[in-house]
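Source file start11.txt; content: compact mmCIF, C-alpha atoms.
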# COMPACT_ATOMS: atom_id res chain seq x y z
CA MET C 1 69.93 128.14 25.97
CA GLN C 2 71.84 128.96 29.11
CA GLN C 3 72.27 132.67 29.67
CA ASP C 4 75.82 134.00 29.24
CA LEU C 5 77.63 134.08 32.57
CA THR C 6 80.91 135.41 31.20
CA LYS C 7 81.22 138.67 29.28
CA PHE C 8 83.30 139.17 26.16
CA SER C 9 85.37 141.79 27.97
CA GLU C 10 86.41 139.18 30.56
CA LEU C 11 87.75 136.87 27.84
CA ALA C 12 89.31 139.46 25.52
CA GLY C 13 92.78 139.02 27.01
CA ALA C 14 92.42 135.43 28.21
CA ASP C 15 94.44 132.48 26.94
CA LEU C 16 92.94 129.66 24.89
CA GLY C 17 92.44 127.40 27.90
CA GLN C 18 90.33 129.98 29.69
CA VAL C 19 88.29 130.80 26.59
CA ARG C 20 87.65 127.13 25.82
CA ALA C 21 86.65 126.38 29.41
CA ALA C 22 84.09 129.21 29.35
CA ILE C 23 82.65 128.00 26.04
CA ARG C 24 82.68 124.27 26.89
CA SER C 25 80.91 124.85 30.20
CA GLY C 26 78.24 127.03 28.59
CA ARG C 27 79.32 130.13 30.50
CA TYR C 28 80.04 131.98 27.24
CA SER C 29 78.12 131.67 23.97
CA GLY C 30 78.77 135.02 22.31
CA HIS C 31 80.89 136.00 19.30
CA THR C 32 84.52 134.91 19.28
CA ALA C 33 86.08 137.70 17.19
CA GLY C 34 89.23 138.92 18.92
CA LEU C 35 89.52 135.95 21.31
CA ALA C 36 92.49 133.54 21.69
CA HIS C 37 94.90 135.53 19.52
CA GLY C 38 97.10 133.45 17.27
CA LYS C 39 94.83 130.39 17.24
CA LEU C 40 92.84 129.24 14.24
CA GLN C 41 89.09 129.92 14.41
CA CYS C 42 86.79 127.69 12.38
CA ASN C 43 83.31 127.58 10.94
CA LEU C 44 81.62 124.19 11.25
CA ALA C 45 79.40 122.14 8.99
CA ILE C 46 78.24 118.76 10.32
CA LEU C 47 76.27 116.38 8.09
CA PRO C 48 75.06 112.78 7.95
CA GLY C 49 77.52 110.50 6.20
CA GLU C 50 75.40 110.08 3.06
CA TYR C 51 75.87 113.81 2.33
CA ALA C 52 79.55 114.04 3.28
CA ASP C 53 81.15 113.30 -0.10
CA ALA C 54 79.04 115.83 -1.98
CA PHE C 55 79.70 118.51 0.64
CA HIS C 56 83.42 117.72 0.65
CA GLU C 57 83.44 118.27 -3.11
CA PHE C 58 81.49 121.53 -2.66
CA CYS C 59 84.29 122.80 -0.41
CA ARG C 60 86.95 121.65 -2.87
CA LEU C 61 85.18 123.50 -5.70
CA ASN C 62 84.73 126.68 -3.62
CA PRO C 63 87.99 126.94 -1.63
CA LYS C 64 87.86 130.71 -1.09
CA ALA C 65 84.41 130.67 0.53
CA CYS C 66 84.94 127.23 2.12
CA PRO C 67 88.67 126.79 2.87
CA LEU C 68 88.83 123.39 4.53
CA ALA C 69 90.97 123.07 7.65
CA GLY C 70 90.03 119.45 8.37
CA VAL C 71 87.42 116.70 8.17
CA SER C 72 86.43 114.15 10.82
CA ASN C 73 85.83 110.43 10.53
CA PRO C 74 82.13 109.48 10.78
CA GLY C 75 80.80 109.73 14.32
CA GLU C 76 84.05 111.02 15.79
CA PRO C 77 83.78 114.40 17.60
CA VAL C 78 87.44 115.15 16.84
CA ILE C 79 89.11 116.64 13.77
CA VAL C 80 92.75 115.65 14.07
CA GLU C 81 93.99 118.67 12.10
CA LEU C 82 92.58 121.00 14.80
CA GLY C 83 94.15 119.29 17.81
CA ALA C 84 93.31 116.31 20.02
CA GLU C 85 91.81 118.45 22.80
CA VAL C 86 89.10 119.99 20.61
CA ASP C 87 85.64 118.44 21.04
CA ILE C 88 83.33 119.29 18.15
CA ARG C 89 80.26 118.67 20.33
CA THR C 90 81.03 121.33 22.94
CA ASP C 91 83.75 123.72 21.79
CA ALA C 92 81.96 126.04 19.38
CA ALA C 93 80.46 128.98 21.21
CA ARG C 94 76.99 128.28 19.78
CA TYR C 95 75.44 125.88 17.24
CA ASN C 96 72.57 126.04 14.74
CA ILE C 97 70.60 122.84 14.14
CA TYR C 98 68.81 122.61 10.79
CA ARG C 99 66.17 120.09 9.81
CA HIS C 100 65.35 119.78 6.12
CA GLY C 101 67.20 123.03 5.48
CA LYS C 102 65.33 125.14 8.03
CA LEU C 103 66.78 126.41 11.30
CA ASP C 104 65.15 124.34 14.05
CA GLN C 105 66.99 125.45 17.19
CA GLN C 106 70.15 127.02 18.56
CA VAL C 107 72.08 125.20 21.29
CA SER C 108 75.28 125.55 23.30
CA ASP C 109 76.37 121.90 22.82
CA LEU C 110 75.55 118.89 20.66
CA ASN C 111 75.53 116.13 23.26
CA ALA C 112 71.78 115.51 22.95
CA CYS C 113 71.71 115.26 19.14
CA TRP C 114 75.04 113.62 18.26
CA GLN C 115 74.84 110.63 15.87
CA ASP C 116 77.39 107.98 14.97
CA ASP C 117 77.20 108.81 11.24
CA LEU C 118 77.88 112.55 11.50
CA VAL C 119 80.88 113.93 9.60
CA SER C 120 82.29 117.30 10.70
CA PHE C 121 83.96 119.82 8.40
CA ALA C 122 86.11 122.65 9.83
CA ILE C 123 86.27 125.69 7.56
CA GLY C 124 88.61 128.64 8.05
CA CYS C 125 87.27 131.93 9.38
CA SER C 126 88.01 135.57 8.63
CA PHE C 127 88.50 136.28 12.34
CA THR C 128 92.05 135.00 11.79
CA PHE C 129 93.13 137.81 9.47
CA GLU C 130 91.40 140.35 11.69
CA ASN C 131 94.15 139.87 14.26
CA ALA C 132 96.76 140.71 11.62
CA LEU C 133 94.86 143.78 10.44
CA ARG C 134 94.51 145.09 13.98
CA LEU C 135 98.22 144.58 14.61
CA ALA C 136 98.82 146.74 11.52
CA GLY C 137 96.70 149.49 13.07
CA ILE C 138 93.62 148.85 10.92
CA PRO C 139 90.61 148.95 13.24
CA MET C 140 87.88 146.30 13.17
CA ARG C 141 84.78 148.27 14.08
CA HIS C 142 82.58 145.29 14.98
CA ILE C 143 85.15 144.19 17.57
CA ASP C 144 85.51 147.71 18.95
CA LEU C 145 81.70 147.88 19.28
CA ASP C 146 81.42 144.30 20.66
CA ARG C 147 79.20 143.24 17.76
CA THR C 148 79.08 140.26 15.42
CA VAL C 149 80.56 141.09 12.02
CA PRO C 150 77.84 141.89 9.42
CA MET C 151 77.29 139.14 6.83
CA TYR C 152 75.26 139.26 3.62
CA ARG C 153 73.86 136.99 0.93
CA THR C 154 75.16 137.97 -2.51
CA SER C 155 74.56 137.37 -6.20
CA ILE C 156 77.99 135.68 -6.50
CA GLU C 157 77.17 132.06 -7.35
CA THR C 158 79.13 129.12 -5.95
CA HIS C 159 80.04 125.99 -7.91
CA GLN C 160 77.42 123.35 -7.21
CA SER C 161 78.13 119.81 -5.98
CA GLY C 162 75.22 117.41 -5.79
CA PRO C 163 72.46 119.13 -3.80
CA PHE C 164 74.82 121.79 -2.41
CA GLY C 165 74.90 125.21 -4.08
CA GLY C 166 73.58 128.77 -3.86
CA GLY C 167 75.07 132.21 -3.50
CA MET C 168 78.24 133.17 -1.68
CA VAL C 169 77.92 134.86 1.71
CA VAL C 170 80.31 137.73 2.45
CA SER C 171 81.38 139.55 5.59
CA MET C 172 81.95 143.32 5.56
CA ARG C 173 84.38 145.63 7.33
CA PRO C 174 84.74 149.39 6.75
CA ILE C 175 88.29 150.25 5.69
CA ALA C 176 89.94 153.63 5.11
CA LYS C 177 90.39 154.20 1.36
CA GLU C 178 94.13 154.79 1.64
CA ARG C 179 94.68 151.40 3.32
CA ILE C 180 92.86 149.14 0.83
CA ASP C 181 96.05 147.97 -0.92
CA GLU C 182 97.60 147.17 2.46
CA VAL C 183 94.55 145.13 3.43
CA TYR C 184 94.84 143.05 0.26
CA GLU C 185 98.53 142.41 0.90
CA ILE C 186 97.97 141.31 4.51
CA CYS C 187 94.93 139.12 3.85
CA ARG C 188 96.54 137.20 0.98
CA LYS C 189 98.86 135.69 3.59
CA TYR C 190 95.88 133.92 5.22
CA PRO C 191 94.28 131.63 2.62
CA LEU C 192 92.56 129.58 5.32
CA ALA C 193 90.87 132.81 6.44
CA HIS C 194 89.38 133.45 2.97
CA GLY C 195 92.39 135.44 1.80
CA ALA C 196 91.98 138.77 0.00
CA PRO C 197 88.62 140.54 -0.33
CA VAL C 198 86.23 139.59 -3.12
CA HIS C 199 84.76 143.08 -3.55
CA VAL C 200 85.37 146.69 -2.55
CA GLY C 201 82.88 149.52 -2.81
CA ASP C 202 79.29 149.54 -4.06
CA PRO C 203 77.45 146.64 -2.37
CA ALA C 204 74.75 146.64 -5.05
CA GLU C 205 77.30 145.30 -7.55
CA ILE C 206 77.25 141.97 -5.68
CA GLY C 207 73.54 141.96 -4.96
CA ILE C 208 73.48 143.64 -1.53
CA LEU C 209 70.72 146.25 -1.61
CA THR C 210 70.75 147.46 2.02
CA ILE C 211 74.12 147.64 3.78
CA ASP C 212 72.41 148.55 7.07
CA ALA C 213 70.41 145.30 7.14
CA PRO C 214 72.82 142.32 7.17
CA ASP C 215 71.41 138.82 6.85
CA TRP C 216 73.52 137.74 9.83
CA GLY C 217 75.41 139.68 12.47
CA ASN C 218 75.01 143.36 13.30
CA PRO C 219 75.29 146.51 11.19
CA VAL C 220 78.32 148.74 11.75
CA PRO C 221 78.71 152.41 10.75
CA ILE C 222 80.85 153.35 7.76
CA GLU C 223 82.62 156.64 8.48
CA ASN C 224 83.76 159.41 6.13
CA GLY C 225 86.81 158.34 4.15
CA GLU C 226 85.96 154.65 4.48
CA VAL C 227 84.56 152.15 2.00
CA PRO C 228 82.85 148.81 2.63
CA VAL C 229 85.17 145.86 1.95
CA PHE C 230 83.75 142.37 1.49
CA TRP C 231 85.37 138.98 2.09
CA ALA C 232 84.12 135.49 1.23
CA CYS C 233 82.54 134.09 4.39
CA GLY C 234 82.30 130.68 6.02
CA VAL C 235 78.54 131.11 6.43
CA THR C 236 78.36 130.21 2.72
CA PRO C 237 78.02 126.49 3.66
CA GLN C 238 74.90 127.33 5.67
CA VAL C 239 73.27 128.67 2.51
CA ALA C 240 74.38 125.52 0.68
CA ILE C 241 72.85 123.37 3.44
CA MET C 242 69.58 125.32 3.25
CA THR C 243 69.60 124.62 -0.49
CA ALA C 244 70.33 120.88 -0.05
CA LYS C 245 67.79 120.38 2.75
CA PRO C 246 69.29 117.28 4.45
CA PRO C 247 67.10 115.84 7.23
CA LEU C 248 69.66 116.95 9.83
CA SER C 249 72.59 119.34 9.60
CA ILE C 250 74.50 121.35 12.16
CA THR C 251 76.64 124.47 11.86
CA HIS C 252 78.21 127.00 14.18
CA ALA C 253 76.01 130.02 14.85
CA PRO C 254 77.36 132.88 12.70
CA GLY C 255 80.08 134.71 14.62
CA ALA C 256 80.33 132.03 17.34
CA MET C 257 83.26 129.95 16.14
CA LEU C 258 85.19 126.88 17.19
CA ILE C 259 88.72 127.82 18.30
CA ALA C 260 91.37 125.22 17.45
CA ASP C 261 94.65 124.33 19.14
CA VAL C 262 96.65 125.04 15.98
CA SER C 263 98.14 128.27 14.67
CA GLU C 264 96.17 130.72 12.56
CA GLN C 265 98.99 130.29 10.00
CA THR C 266 97.74 126.77 9.19
CA ALA C 267 97.36 126.11 5.45
CA PRO C 268 94.07 124.97 3.86
CA LEU C 269 93.66 121.42 2.61
CA TYR C 270 93.00 122.78 -0.88
CA PRO C 271 95.22 125.77 -1.79
CA TYR C 272 93.86 128.30 -4.29
CA ASN C 273 95.08 131.20 -6.40
CA ASP C 274 94.34 134.50 -4.63
CA ASN C 275 95.46 137.02 -7.25
Rewrite the coordinates I just gave you, this time as structure tokens.
Amino acid sequence: MQQDLTKFSELAGADLGQVRAAIRSGRYSGHTAGLAHGKLQCNLAILPGEYADAFHEFCRLNPKACPLAGVSNPGEPVIVELGAEVDIRTDAARYNIYRHGKLDQQVSDLNACWQDDLVSFAIGCSFTFENALRLAGIPMRHIDLDRTVPMYRTSIETHQSGPFGGGMVVSMRPIAKERIDEVYEICRKYPLAHGAPVHVGDPAEIGILTIDAPDWGNPVPIENGEVPVFWACGVTPQVAIMTAKPPLSITHAPGAMLIADVSEQTAPLYPYNDN
């Protein structure tokens, strides 16, 4: 993979055009949290056509972990719901390529492996509600430390569809105890960004035994007066893909999202109850 030539700090205040140009050219392949404020950020899952219907149903059955923003036609590197200028092959900051459910390589674009039967699914990302929380004065420590948000496998089971299933993945952010109710109220407004948290407090209650050792991303410190808060995460489809073991599948690299042309206020294809 090409070494990063642009630093996160150089893109933190840049507009979408500048951010996309850096990603598309391979000059930036880091995490996208905090970039292109106001624009929808998406997880990606890309599968051969024979697996598309079952995966689509998996997303419909698990809308909180997999809130669908859009689906492509087979072989087309465009998802119309995200904007005509978005190229699925080049515009995520980094991609994971899986073969038979195992990570084979990580690349900065998909030009060499694109197939005419591939169907792309765009899934909402929690980075969207992070902007709203920061505007409310609630710090996001992983952004302040220039780290990828910590993500964990859990014992929360998803609803299976065909070969796709497995446990939910969650992301974690430390939140001051007195602001928990406010966080719930803000995040419910962003159903395409996984909405309200799924758990607050003891990580062991959802099967996380070591908070300092995330399965993806980087650990962040939890300060006095704070508690860990967990949201459903768009890396859940990667666990489902590892379970299904298709001969080829492609996702974004955790934390390195695709940034769409549309607003972060976009609604999911399948609304859900977030009480």
Handout entry: Nearby residues (only C-alpha atoms) at most 6 Å from region 248-252 of chain C, same-chain spacing under 4 positions excluded, as a PyMOL selection string
Key = chain C and resi 44-47+94-99
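The coordinates place CA of Glu50 (chain C) at 15.6 Å from CA of Trp114 (chain C).
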Exercise for the section: Compare C:Pro197, C:Asn131, C:Met242, C:Ala253 by their minimum atom-to-atom distance to Ser29 (chain C), counting all atoms listed in the file, and give me the closest one. Expected result: C:Ala253
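Each of C:Gln265, C:Thr128, C:Asn224, C:Ser171 was compared to Gln41 (chain C) using only C-alpha atoms, and C:Thr128 turns out to be the nearest.
Closest approach to Ala122 (chain C) among C:Gly166, C:Gly26, C:Gly234, C:Gly207: C:Gly234, based on all atoms listed in the file.
Taking only C-alpha atoms into account, Glu223 (chain C) lies nearest to C:Pro174 out of the set C:Pro174, C:Arg153, C:Ala136, C:Thr148.
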Exercise for the section: Could you check which of C:Pro246, C:Pro67, C:Pro77, C:Gly255 is closest to Lys102 (chain C), using only C-alpha atoms? Expected result: C:Pro246
Expected residue set, 10 Å radius at (78.4, 114.6, 13.1), all atoms listed in the file, as a PDB file with C-alpha atoms, in the coordinates of the input:
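Output saved as result-v5.pdb:
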ATOM      1  CA  ALA C  45      79.400 122.140   8.990  1.00  0.00           C
ATOM      2  CA  ILE C  46      78.240 118.760  10.320  1.00  0.00           C
ATOM      3  CA  LEU C  47      76.270 116.380   8.090  1.00  0.00           C
ATOM      4  CA  PRO C  48      75.060 112.780   7.950  1.00  0.00           C
ATOM      5  CA  GLY C  49      77.520 110.500   6.200  1.00  0.00           C
ATOM      6  CA  ALA C  52      79.550 114.040   3.280  1.00  0.00           C
ATOM      7  CA  SER C  72      86.430 114.150  10.820  1.00  0.00           C
ATOM      8  CA  ASN C  73      85.830 110.430  10.530  1.00  0.00           C
ATOM      9  CA  PRO C  74      82.130 109.480  10.780  1.00  0.00           C
ATOM     10  CA  GLY C  75      80.800 109.730  14.320  1.00  0.00           C
ATOM     11  CA  GLU C  76      84.050 111.020  15.790  1.00  0.00           C
ATOM     12  CA  PRO C  77      83.780 114.400  17.600  1.00  0.00           C
ATOM     13  CA  VAL C  78      87.440 115.150  16.840  1.00  0.00           C
ATOM     14  CA  ILE C  88      83.330 119.290  18.150  1.00  0.00           C
ATOM     15  CA  ARG C  89      80.260 118.670  20.330  1.00  0.00           C
ATOM     16  CA  LEU C 110      75.550 118.890  20.660  1.00  0.00           C
ATOM     17  CA  CYS C 113      71.710 115.260  19.140  1.00  0.00           C
ATOM     18  CA  TRP C 114      75.040 113.620  18.260  1.00  0.00           C
ATOM     19  CA  GLN C 115      74.840 110.630  15.870  1.00  0.00           C
ATOM     20  CA  ASP C 116      77.390 107.980  14.970  1.00  0.00           C
ATOM     21  CA  ASP C 117      77.200 108.810  11.240  1.00  0.00           C
ATOM     22  CA  LEU C 118      77.880 112.550  11.500  1.00  0.00           C
ATOM     23  CA  VAL C 119      80.880 113.930   9.600  1.00  0.00           C
ATOM     24  CA  SER C 120      82.290 117.300  10.700  1.00  0.00           C
ATOM     25  CA  PHE C 121      83.960 119.820   8.400  1.00  0.00           C
ATOM     26  CA  LEU C 248      69.660 116.950   9.830  1.00  0.00           C
ATOM     27  CA  SER C 249      72.590 119.340   9.600  1.00  0.00           C
ATOM     28  CA  ILE C 250      74.500 121.350  12.160  1.00  0.00           C
TER      29      ILE C 250
END
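Neighbouring residues of Ala240 (chain C) at 8 Å or closer, counting only C-alpha atoms and skipping chain neighbours under 5 positions away, are Phe164, Gly165, Gly166 and Gly167 of chain C.
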Completion exercise
Pro191 (chain C) proximity check over C:Gly137, C:Pro63, C:Pro237, C:Gly17, using all atoms listed in the file: winner is C:Pro63
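Interatomic distance, CA of Pro254 (chain C) against CA of Tyr270 (chain C): 23.0 Å.
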Exercise for the section: Would you work out the distance separating CA of Ala12 (chain C) from CA of Leu35 (chain C), expressed in Å to one decimal? Expected result: 5.5 Å
Exercise for the section: Considering all atoms listed in the file, return as a PyMOL selection string whatever protein or nucleic-acid residues lie within 7 Å of Lys245 (chain C), sequence-local ones (same chain, fewer than 4 positions apart) excluded. Expected result: chain C and resi 100-101+241
Can you give me all heavy atoms for region 200-211 of chain C, written as a compact mmCIF listing (two decimals), in the coordinates of the input?
# COMPACT_ATOMS: atom_id res chain seq x y z
N VAL C 200 85.20 145.43 -3.26
CA VAL C 200 85.37 146.69 -2.55
C VAL C 200 84.43 147.71 -3.16
O VAL C 200 84.35 147.84 -4.38
CB VAL C 200 86.83 147.21 -2.64
CG1 VAL C 200 86.95 148.59 -2.01
CG2 VAL C 200 87.79 146.23 -1.98
N GLY C 201 83.71 148.44 -2.30
CA GLY C 201 82.88 149.52 -2.81
C GLY C 201 81.41 149.19 -2.86
O GLY C 201 80.88 148.57 -1.93
N ASP C 202 80.74 149.59 -3.93
CA ASP C 202 79.29 149.54 -4.06
C ASP C 202 78.74 148.14 -3.78
O ASP C 202 78.96 147.20 -4.55
CB ASP C 202 78.90 149.97 -5.47
CG ASP C 202 77.39 150.07 -5.65
OD1 ASP C 202 76.64 149.82 -4.69
OD2 ASP C 202 76.96 150.40 -6.79
N PRO C 203 77.99 147.97 -2.69
CA PRO C 203 77.45 146.64 -2.37
C PRO C 203 76.44 146.14 -3.38
O PRO C 203 76.28 144.92 -3.55
CB PRO C 203 76.83 146.83 -0.99
CG PRO C 203 76.62 148.29 -0.84
CD PRO C 203 77.67 148.96 -1.64
N ALA C 204 75.76 147.05 -4.07
CA ALA C 204 74.75 146.64 -5.05
C ALA C 204 75.36 145.83 -6.19
O ALA C 204 74.67 145.01 -6.82
CB ALA C 204 74.02 147.86 -5.60
N GLU C 205 76.65 146.03 -6.46
CA GLU C 205 77.30 145.30 -7.55
C GLU C 205 77.38 143.80 -7.27
O GLU C 205 77.55 143.00 -8.21
CB GLU C 205 78.70 145.86 -7.79
CG GLU C 205 78.70 147.27 -8.37
CD GLU C 205 80.10 147.80 -8.63
OE1 GLU C 205 81.07 147.03 -8.39
OE2 GLU C 205 80.22 148.96 -9.05
N ILE C 206 77.25 143.40 -6.00
CA ILE C 206 77.25 141.97 -5.68
C ILE C 206 75.90 141.56 -5.05
O ILE C 206 75.83 140.57 -4.33
CB ILE C 206 78.43 141.58 -4.76
CG1 ILE C 206 78.47 142.42 -3.48
CG2 ILE C 206 79.75 141.71 -5.51
CD1 ILE C 206 79.52 141.95 -2.47
N GLY C 207 74.88 142.34 -5.34
CA GLY C 207 73.54 141.96 -4.96
C GLY C 207 73.09 142.35 -3.56
O GLY C 207 72.04 141.88 -3.10
N ILE C 208 73.85 143.19 -2.88
CA ILE C 208 73.48 143.64 -1.53
C ILE C 208 72.78 145.00 -1.68
O ILE C 208 73.39 145.99 -2.06
CB ILE C 208 74.71 143.77 -0.62
CG1 ILE C 208 75.42 142.43 -0.50
CG2 ILE C 208 74.30 144.29 0.76
CD1 ILE C 208 76.77 142.50 0.20
N LEU C 209 71.50 145.04 -1.37
CA LEU C 209 70.72 146.25 -1.61
C LEU C 209 70.69 147.19 -0.41
O LEU C 209 70.54 148.40 -0.56
CB LEU C 209 69.29 145.88 -2.02
CG LEU C 209 69.18 145.01 -3.27
CD1 LEU C 209 67.72 144.74 -3.60
CD2 LEU C 209 69.90 145.66 -4.45
N THR C 210 70.83 146.64 0.80
CA THR C 210 70.75 147.46 2.02
C THR C 210 71.90 147.10 2.95
O THR C 210 71.85 146.09 3.64
CB THR C 210 69.41 147.26 2.74
OG1 THR C 210 68.35 147.43 1.81
CG2 THR C 210 69.25 148.28 3.87
N ILE C 211 72.93 147.93 2.97
CA ILE C 211 74.12 147.64 3.78
C ILE C 211 73.82 147.69 5.27
O ILE C 211 74.50 147.06 6.08
CB ILE C 211 75.26 148.64 3.42
CG1 ILE C 211 76.60 148.10 3.91
CG2 ILE C 211 74.97 150.02 3.95
CD1 ILE C 211 77.14 146.94 3.14
